[in-house]
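Okay, structure first, notes after.
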Amino acid sequence: MRRRAVAALAAGALMAGLLPSVAAAAQPGRDGLQGDVDAIRATGATGVLAEVRTAGGAHAARAGVADLRTGRPVPWNSYFRIGSDTKTYTSVVALQLVSEGKLRLTDTVEKWLPGVVRGKGNDGRRITVKNLLRHTSGLNDYVAVQLGDGGDLTPEKFRENRFRVSTPQEKVAAAMSKPPLWVPDTSNPAEETHWGYSNTNYVLAGLIIEKVTGHPWEQEVHDRIIEPLGLRHTITPGTSAYVPQPSATAYTRFPGHKELVDTSVSVSGGSDGAIISTPGDHTAFLRALLGGRLLAPAQLAQMKQTVPVDDWILADGVRYGLGLAWRPVKGCAGGVWFHGGTFFGIISESGASADGRRAASVAVSTFRPGDPAQDAQDRASLRLVDRAVCGAG
C-alpha cells in the first residue's frame, strides 16, 4: 500500500475572482464529468460523488449507491471525511500567522514546544516549522509506529477501537519512541529537501498553532477559513465518531477479507486529518486558496515552494510544498495543485488550477487496501481531477 493510504488507515485503526455562493446547489453533471464518475464506479466503488466549480458556477455528478442494503443513491452534497486534505487547512492557518508576524517558518519546534520532540535521537532544536509543513522533518509517522506489523487492520480491531481517542501528546510520544528517519541539515534545516510523509508533522503544527494563538486549532480554522468563506458544511468534529447526514456509507475491505465492512462510524484524526466537508465546500476552499483570498502573495508563494516526492500517489513528477502538492498533467501548462486524503471507507481526491479558476473534488466511499482494484479506482479519480481542472471533457 502507498504511504498516504497506509498512514490514514492506520490512524483510524487506532483511534481568483469572487466565489459563487457556496450554499448554491451544484447542477447535475455534464457528460464529461458523468463519464469520469462512471469510470470510477466501474472499478468496483460502491458510491462516487464529484463536483467541479469555476467562476461560472458548479456542476456535479454521482454514481453508485449510498448504501448497499437499501440501494438509495448517493446524496447530492454529501458530507464526507476529507482526511489528510485537512493538512492544507492547517498549513493555511500557520502561514497566516507567519504573515501576521506571530510565527516564522524558521522557528524551531523547540522554541514553541520545549522538550516535546526529544529522545531516541529526535531533536526539536533541529526541526523548523517549515520542515513540519513540508514533511522534511525526518520524524516517524505516529500511525505507522502504532500500527506495527499491521495485525490490527481487521474488522474486529476496527470495531473495538473506533471510539478510542488519542491526544496529540500521545501521538507525538508514539513517534518519539523511534529514532528519526533522518535529521534535517544542521547548517540550514528549514531548506532540507529529504522528504517523507508523516502525520506527526501536522499534529505538531496544530500544537504550535495552539501555543501561538492560545486557541484550539479547530477555532483558528473556523475563524480564519470556515466562517470568512461561508463554508456552512465544513466542520471539525472533535472526538465525535459520526458524520452528519446526508452522507454515503463508507465501506472498507480489510486486507485478507472478502466482505465490505461499514466503517462510517469512527473517530478521526486532529490537525492532521479530522475535517469533514462536502465537495461543494471543499472546491470553494481550494478556489479561494489558489485565487489568493486566504493568504498574502508572499505566503502563497511559500506554500508553492516544493520538493520532489515519491511513493505517495499513483502519479509521476509529484512535488510537495507547505501542505499543498503539485503534479504535472500532459497538455496542461499549470498542472494541478492538490493534496488528497484517505480514511476508513472514504477517499478524497481534489485539485485546483494555479490561479484558482477551476477546482474539483471527488469523494469515493470505498477503500480496498492491498487490492489491485484500489489502484484502478485511484487512477480513475486522479484522471477525473486532472480533466476537470485542466478543462478537458
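Every chain in the C-alpha cells takes a letter, A first, then B, and so on in the order presented; its residues are numbered from 1, and the ligands are numbered from 1 following the presented order.
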
**Request:** Tell me which protein, DNA and RNA residues are within 9 Å of region 236-242 of chain A, counting only C-alpha atoms, leaving out same-chain ones fewer than 4 positions away, and put them as a ChimeraX atom specification.
**Result:** /A:162-165,218-219,221-222,264-270,274-277

**Message:** Could you pull out the strand (DSSP E) residues of region 143-298 of chain A, going by DSSP on the backbone, and write them as a ChimeraX atom specification?
**Reply:** /A:251-252,261-262,276-277

Residues of the last selection are to be written out with N, CA, C and O atoms, as a PDB file, in the first residue's frame.
```pdb
ATOM      1  N   TYR A 251     -17.364   2.222   3.079  1.00  0.00           N
ATOM      2  CA  TYR A 251     -17.079   0.790   3.111  1.00  0.00           C
ATOM      3  C   TYR A 251     -15.581   0.522   2.979  1.00  0.00           C
ATOM      4  O   TYR A 251     -14.914   1.105   2.137  1.00  0.00           O
ATOM      5  N   THR A 252     -15.089  -0.411   3.806  1.00  0.00           N
ATOM      6  CA  THR A 252     -13.692  -0.832   3.752  1.00  0.00           C
ATOM      7  C   THR A 252     -13.614  -2.343   3.563  1.00  0.00           C
ATOM      8  O   THR A 252     -14.339  -3.094   4.237  1.00  0.00           O
ATOM      9  N   VAL A 261     -16.952  -3.852   4.765  1.00  0.00           N
ATOM     10  CA  VAL A 261     -17.391  -3.550   6.127  1.00  0.00           C
ATOM     11  C   VAL A 261     -17.799  -2.083   6.217  1.00  0.00           C
ATOM     12  O   VAL A 261     -17.102  -1.196   5.719  1.00  0.00           O
ATOM     13  N   ASP A 262     -18.941  -1.829   6.840  1.00  0.00           N
ATOM     14  CA  ASP A 262     -19.385  -0.455   7.075  1.00  0.00           C
ATOM     15  C   ASP A 262     -18.468   0.172   8.124  1.00  0.00           C
ATOM     16  O   ASP A 262     -18.472  -0.217   9.289  1.00  0.00           O
ATOM     17  N   ILE A 276     -14.392  17.318   8.256  1.00  0.00           N
ATOM     18  CA  ILE A 276     -15.496  16.777   7.466  1.00  0.00           C
ATOM     19  C   ILE A 276     -16.033  17.908   6.604  1.00  0.00           C
ATOM     20  O   ILE A 276     -16.211  19.035   7.086  1.00  0.00           O
ATOM     21  N   SER A 277     -16.293  17.631   5.331  1.00  0.00           N
ATOM     22  CA  SER A 277     -16.773  18.678   4.436  1.00  0.00           C
ATOM     23  C   SER A 277     -17.672  18.068   3.377  1.00  0.00           C
ATOM     24  O   SER A 277     -18.126  16.922   3.492  1.00  0.00           O
TER      25      SER A 277
END
```

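The residue set within 9 Å of Ser177 (chain A), counting only C-alpha atoms and dropping same-chain residues fewer than 2 places from it, reads Gly119, Lys120, Val145, Val172, Ala173, Ala174, Ala175 and Pro179 of chain A.
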
Output N, CA and C atoms for every residue in that selection, as an mmCIF file, in the first residue's frame.
```
data_model
loop_
_atom_site.group_PDB
_atom_site.id
_atom_site.type_symbol
_atom_site.label_atom_id
_atom_site.label_comp_id
_atom_site.auth_asym_id
_atom_site.auth_seq_id
_atom_site.Cartn_x
_atom_site.Cartn_y
_atom_site.Cartn_z
ATOM 1 N N GLY A 119 14.424 12.568 22.590
ATOM 2 C CA GLY A 119 14.593 11.145 22.832
ATOM 3 C C GLY A 119 14.822 10.339 21.582
ATOM 4 N N LYS A 120 15.601 9.281 21.710
ATOM 5 C CA LYS A 120 15.900 8.366 20.609
ATOM 6 C C LYS A 120 16.564 9.063 19.429
ATOM 7 N N VAL A 145 3.994 3.839 13.563
ATOM 8 C CA VAL A 145 4.554 3.283 14.799
ATOM 9 C C VAL A 145 3.488 2.507 15.557
ATOM 10 N N VAL A 172 2.362 12.181 19.481
ATOM 11 C CA VAL A 172 3.753 12.615 19.359
ATOM 12 C C VAL A 172 4.663 11.685 20.157
ATOM 13 N N ALA A 173 4.233 11.298 21.341
ATOM 14 C CA ALA A 173 5.043 10.399 22.164
ATOM 15 C C ALA A 173 5.290 9.073 21.453
ATOM 16 N N ALA A 174 4.303 8.585 20.719
ATOM 17 C CA ALA A 174 4.488 7.342 19.965
ATOM 18 C C ALA A 174 5.582 7.514 18.918
ATOM 19 N N ALA A 175 5.572 8.649 18.224
ATOM 20 C CA ALA A 175 6.606 8.911 17.219
ATOM 21 C C ALA A 175 7.976 9.037 17.859
ATOM 22 N N PRO A 179 13.781 6.136 16.696
ATOM 23 C CA PRO A 179 14.760 7.102 16.182
ATOM 24 C C PRO A 179 14.240 7.759 14.919
#
```

**Residue nearest His194 (chain A) among A:Val48, A:Leu181, A:Val385, A:Ala288 (counting only C-alpha atoms)** =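 Closest to His194 (chain A) of all the choices is A:Leu181.
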
Long-range neighbours of Leu97 (chain A) as a JSON list (two decimals) with all heavy atoms, in the first residue's frame, 9 Å cut-off, only C-alpha atoms, 6 positions minimum in chain:
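Output file part-v4.json follows:
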```
[["chain", "number", "residue", "atom", "x", "y", "z"],
["A", 103, "LEU", "N", 4.61, 34.10, 13.88],
["A", 103, "LEU", "CA", 5.29, 32.83, 13.71],
["A", 103, "LEU", "C", 6.25, 32.97, 12.54],
["A", 103, "LEU", "O", 5.98, 33.71, 11.59],
["A", 103, "LEU", "CB", 4.27, 31.72, 13.45],
["A", 103, "LEU", "CG", 4.77, 30.29, 13.26],
["A", 103, "LEU", "CD1", 5.36, 29.74, 14.56],
["A", 103, "LEU", "CD2", 3.62, 29.38, 12.79],
["A", 104, "ARG", "N", 7.37, 32.28, 12.59],
["A", 104, "ARG", "CA", 8.30, 32.25, 11.47],
["A", 104, "ARG", "C", 8.49, 30.82, 11.01],
["A", 104, "ARG", "O", 8.50, 29.91, 11.83],
["A", 104, "ARG", "CB", 9.65, 32.85, 11.87],
["A", 104, "ARG", "CG", 9.61, 34.33, 12.23],
["A", 104, "ARG", "CD", 11.01, 34.85, 12.52],
["A", 104, "ARG", "NE", 11.65, 34.07, 13.60],
["A", 104, "ARG", "CZ", 12.91, 34.23, 13.98],
["A", 104, "ARG", "NH1", 13.68, 35.11, 13.36],
["A", 104, "ARG", "NH2", 13.41, 33.50, 14.96],
["A", 209, "ILE", "N", 0.23, 25.98, 16.53],
["A", 209, "ILE", "CA", -0.83, 26.96, 16.31],
["A", 209, "ILE", "C", -1.54, 27.28, 17.62],
["A", 209, "ILE", "O", -1.82, 28.45, 17.93],
["A", 209, "ILE", "CB", -1.84, 26.43, 15.26],
["A", 209, "ILE", "CG1", -1.21, 26.46, 13.86],
["A", 209, "ILE", "CG2", -3.14, 27.23, 15.28],
["A", 209, "ILE", "CD1", -2.01, 25.73, 12.81],
["A", 212, "VAL", "N", 0.80, 29.46, 19.80],
["A", 212, "VAL", "CA", 0.95, 30.83, 19.30],
["A", 212, "VAL", "C", -0.31, 31.64, 19.57],
["A", 212, "VAL", "O", -0.24, 32.81, 19.97],
["A", 212, "VAL", "CB", 1.26, 30.82, 17.79],
["A", 212, "VAL", "CG1", 1.24, 32.24, 17.23],
["A", 212, "VAL", "CG2", 2.62, 30.17, 17.53],
["A", 213, "THR", "N", -1.48, 31.05, 19.34],
["A", 213, "THR", "CA", -2.73, 31.81, 19.40],
["A", 213, "THR", "C", -3.44, 31.73, 20.74],
["A", 213, "THR", "O", -4.25, 32.60, 21.07],
["A", 213, "THR", "CB", -3.71, 31.30, 18.33],
["A", 213, "THR", "OG1", -4.08, 29.94, 18.63],
["A", 213, "THR", "CG2", -3.09, 31.39, 16.95]]
```

**Request:** Compile the contact shell of Ile346 (chain A) as a VMD selection string: residues with an atom at most 7 Å away, counting only C-alpha atoms, same-chain residues fewer than 3 positions apart removed.
**Result:** chain A and resid 81 250 342 to 343 363 to 367

Taking N, CA, C and O atoms for each residue, export the selection above as a PDB file, in the first residue's frame.
```pdb
ATOM      1  N   ARG A  81     -15.526  12.577   5.188  1.00  0.00           N
ATOM      2  CA  ARG A  81     -14.250  12.885   5.838  1.00  0.00           C
ATOM      3  C   ARG A  81     -13.214  13.171   4.760  1.00  0.00           C
ATOM      4  O   ARG A  81     -12.964  12.315   3.910  1.00  0.00           O
ATOM      5  N   ALA A 250     -19.543   4.534   4.291  1.00  0.00           N
ATOM      6  CA  ALA A 250     -18.125   4.337   3.985  1.00  0.00           C
ATOM      7  C   ALA A 250     -17.785   2.861   4.157  1.00  0.00           C
ATOM      8  O   ALA A 250     -17.909   2.313   5.259  1.00  0.00           O
ATOM      9  N   THR A 342      -7.255  10.025   2.785  1.00  0.00           N
ATOM     10  CA  THR A 342      -7.814   8.678   2.874  1.00  0.00           C
ATOM     11  C   THR A 342      -8.190   8.398   4.317  1.00  0.00           C
ATOM     12  O   THR A 342      -7.439   8.732   5.241  1.00  0.00           O
ATOM     13  N   PHE A 343      -9.350   7.806   4.509  1.00  0.00           N
ATOM     14  CA  PHE A 343      -9.739   7.343   5.832  1.00  0.00           C
ATOM     15  C   PHE A 343     -10.509   6.044   5.640  1.00  0.00           C
ATOM     16  O   PHE A 343     -10.712   5.585   4.507  1.00  0.00           O
ATOM     17  N   ALA A 363     -15.412  12.410  -3.920  1.00  0.00           N
ATOM     18  CA  ALA A 363     -15.459  11.557  -2.740  1.00  0.00           C
ATOM     19  C   ALA A 363     -15.882  10.164  -3.178  1.00  0.00           C
ATOM     20  O   ALA A 363     -16.944   9.997  -3.789  1.00  0.00           O
ATOM     21  N   VAL A 364     -15.046   9.183  -2.880  1.00  0.00           N
ATOM     22  CA  VAL A 364     -15.333   7.797  -3.239  1.00  0.00           C
ATOM     23  C   VAL A 364     -15.484   7.008  -1.940  1.00  0.00           C
ATOM     24  O   VAL A 364     -14.548   6.951  -1.136  1.00  0.00           O
ATOM     25  N   SER A 365     -16.642   6.400  -1.742  1.00  0.00           N
ATOM     26  CA  SER A 365     -16.930   5.797  -0.436  1.00  0.00           C
ATOM     27  C   SER A 365     -16.582   4.317  -0.378  1.00  0.00           C
ATOM     28  O   SER A 365     -17.345   3.501   0.137  1.00  0.00           O
ATOM     29  N   THR A 366     -15.406   3.967  -0.899  1.00  0.00           N
ATOM     30  CA  THR A 366     -14.911   2.594  -0.841  1.00  0.00           C
ATOM     31  C   THR A 366     -13.387   2.627  -0.739  1.00  0.00           C
ATOM     32  O   THR A 366     -12.725   3.326  -1.499  1.00  0.00           O
ATOM     33  N   PHE A 367     -12.847   1.848   0.197  1.00  0.00           N
ATOM     34  CA  PHE A 367     -11.399   1.741   0.357  1.00  0.00           C
ATOM     35  C   PHE A 367     -11.045   0.264   0.456  1.00  0.00           C
ATOM     36  O   PHE A 367     -11.549  -0.449   1.322  1.00  0.00           O
TER      37      PHE A 367
END
```

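Each of A:Leu95, A:Ile127, A:Leu132, A:Ala360 was checked against Ser187 (chain A) using only C-alpha atoms; the smallest atom-to-atom distance is that of A:Ile127.
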
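The space between CA of Arg72 (chain A) and CA of Ala248 (chain A) spans 9.3 Å.
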
**Message:** Report, in Å with one decimal, the straight-line distance from CA of Val74 (chain A) to CA of Pro246 (chain A).
**Reply:** 8.8 Å

**Prompt:** Suppose you want the space between CA of Ile225 (chain A) and CA of Pro279 (chain A); what is it in Å?
**Reply:**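 Going from CA of Ile225 (chain A) over to CA of Pro279 (chain A) covers 16.0 Å.
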
**Spatial neighbours of Val183 (chain A), max dist 12 Å, only C-alpha atoms, sep filter under 2 positions, as a ChimeraX atom specification** = /A:117,120-128,131,135-140,179-181,185-190,192-196

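The smallest atom-to-atom distance between Glu51 (chain A) and any of A:Ala388, A:Leu231, A:Leu260, A:Val336, using only C-alpha atoms, is found for A:Ala388.
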
**Message:** Please determine, counting only C-alpha atoms, which residue among A:Met303, A:Ile208, A:Leu229, A:Cys332 has the shortest atom-to-atom distance to Ala284 (chain A).
**Reply:**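 Selected residue with least distance to Ala284 (chain A): A:Leu229.
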
**Asked** Among region 119-239 of chain A, which residues carry a DSSP assignment of helix (DSSP H, G or I), reported as a PyMOL selection string?
**Response** chain A and resi 124-126+129-134+142-147+155-161+168-176+189-191+199-213+217-229

Could you give me, as a compact mmCIF listing (two decimals) with all heavy atoms, in the first residue's frame, the residues within 6 Å of Arg319 (chain A), counting only C-alpha atoms and dropping anything in the same chain fewer than 2 positions from it?
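Below you can see selection.txt, which holds the result:
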```
# COMPACT_ATOMS: atom_id res chain seq x y z
N THR A 306 8.18 23.81 -3.59
CA THR A 306 8.05 22.37 -3.45
C THR A 306 9.37 21.62 -3.51
O THR A 306 10.38 22.14 -3.99
CB THR A 306 7.15 21.82 -4.57
OG1 THR A 306 7.75 22.13 -5.85
CG2 THR A 306 5.75 22.45 -4.51
N VAL A 307 9.32 20.40 -3.01
CA VAL A 307 10.44 19.46 -3.14
C VAL A 307 9.89 18.19 -3.80
O VAL A 307 8.70 17.88 -3.69
CB VAL A 307 11.06 19.13 -1.77
CG1 VAL A 307 11.68 20.35 -1.14
CG2 VAL A 307 10.03 18.49 -0.84
N PRO A 308 10.73 17.43 -4.50
CA PRO A 308 10.25 16.22 -5.16
C PRO A 308 9.90 15.13 -4.16
O PRO A 308 10.54 15.01 -3.10
CB PRO A 308 11.44 15.81 -6.05
CG PRO A 308 12.63 16.43 -5.40
CD PRO A 308 12.16 17.71 -4.78
N VAL A 309 8.88 14.35 -4.49
CA VAL A 309 8.45 13.25 -3.62
C VAL A 309 8.26 11.99 -4.47
O VAL A 309 8.14 12.06 -5.70
CB VAL A 309 7.14 13.58 -2.89
CG1 VAL A 309 7.22 14.91 -2.18
CG2 VAL A 309 5.96 13.58 -3.85
N ALA A 325 0.39 20.08 -2.64
CA ALA A 325 1.25 19.37 -3.58
C ALA A 325 0.91 19.77 -5.01
O ALA A 325 -0.13 20.37 -5.28
CB ALA A 325 1.10 17.86 -3.39
N TRP A 326 1.80 19.41 -5.93
CA TRP A 326 1.61 19.72 -7.36
C TRP A 326 2.00 18.52 -8.19
O TRP A 326 2.90 17.77 -7.83
CB TRP A 326 2.49 20.91 -7.75
CG TRP A 326 2.41 21.29 -9.21
CD1 TRP A 326 1.52 22.13 -9.80
CD2 TRP A 326 3.27 20.83 -10.26
NE1 TRP A 326 1.76 22.23 -11.15
CE2 TRP A 326 2.83 21.44 -11.46
CE3 TRP A 326 4.37 19.97 -10.30
CZ2 TRP A 326 3.45 21.21 -12.69
CZ3 TRP A 326 4.99 19.72 -11.52
CH2 TRP A 326 4.52 20.35 -12.70
```

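If only C-alpha atoms are the atoms counted, then among A:Asp272, A:Glu191, A:Asp281, A:Asp375 the closest residue to Gly341 (chain A) is A:Asp272.
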
**Nearest to Gly291 (chain A), chosen from A:Arg358, A:Arg41, A:Lys304, A:Arg327, with only C-alpha atoms counted in the distances** =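 Of A:Arg358, A:Arg41, A:Lys304, A:Arg327, the one nearest Gly291 (chain A), counting only C-alpha atoms, is A:Arg358.
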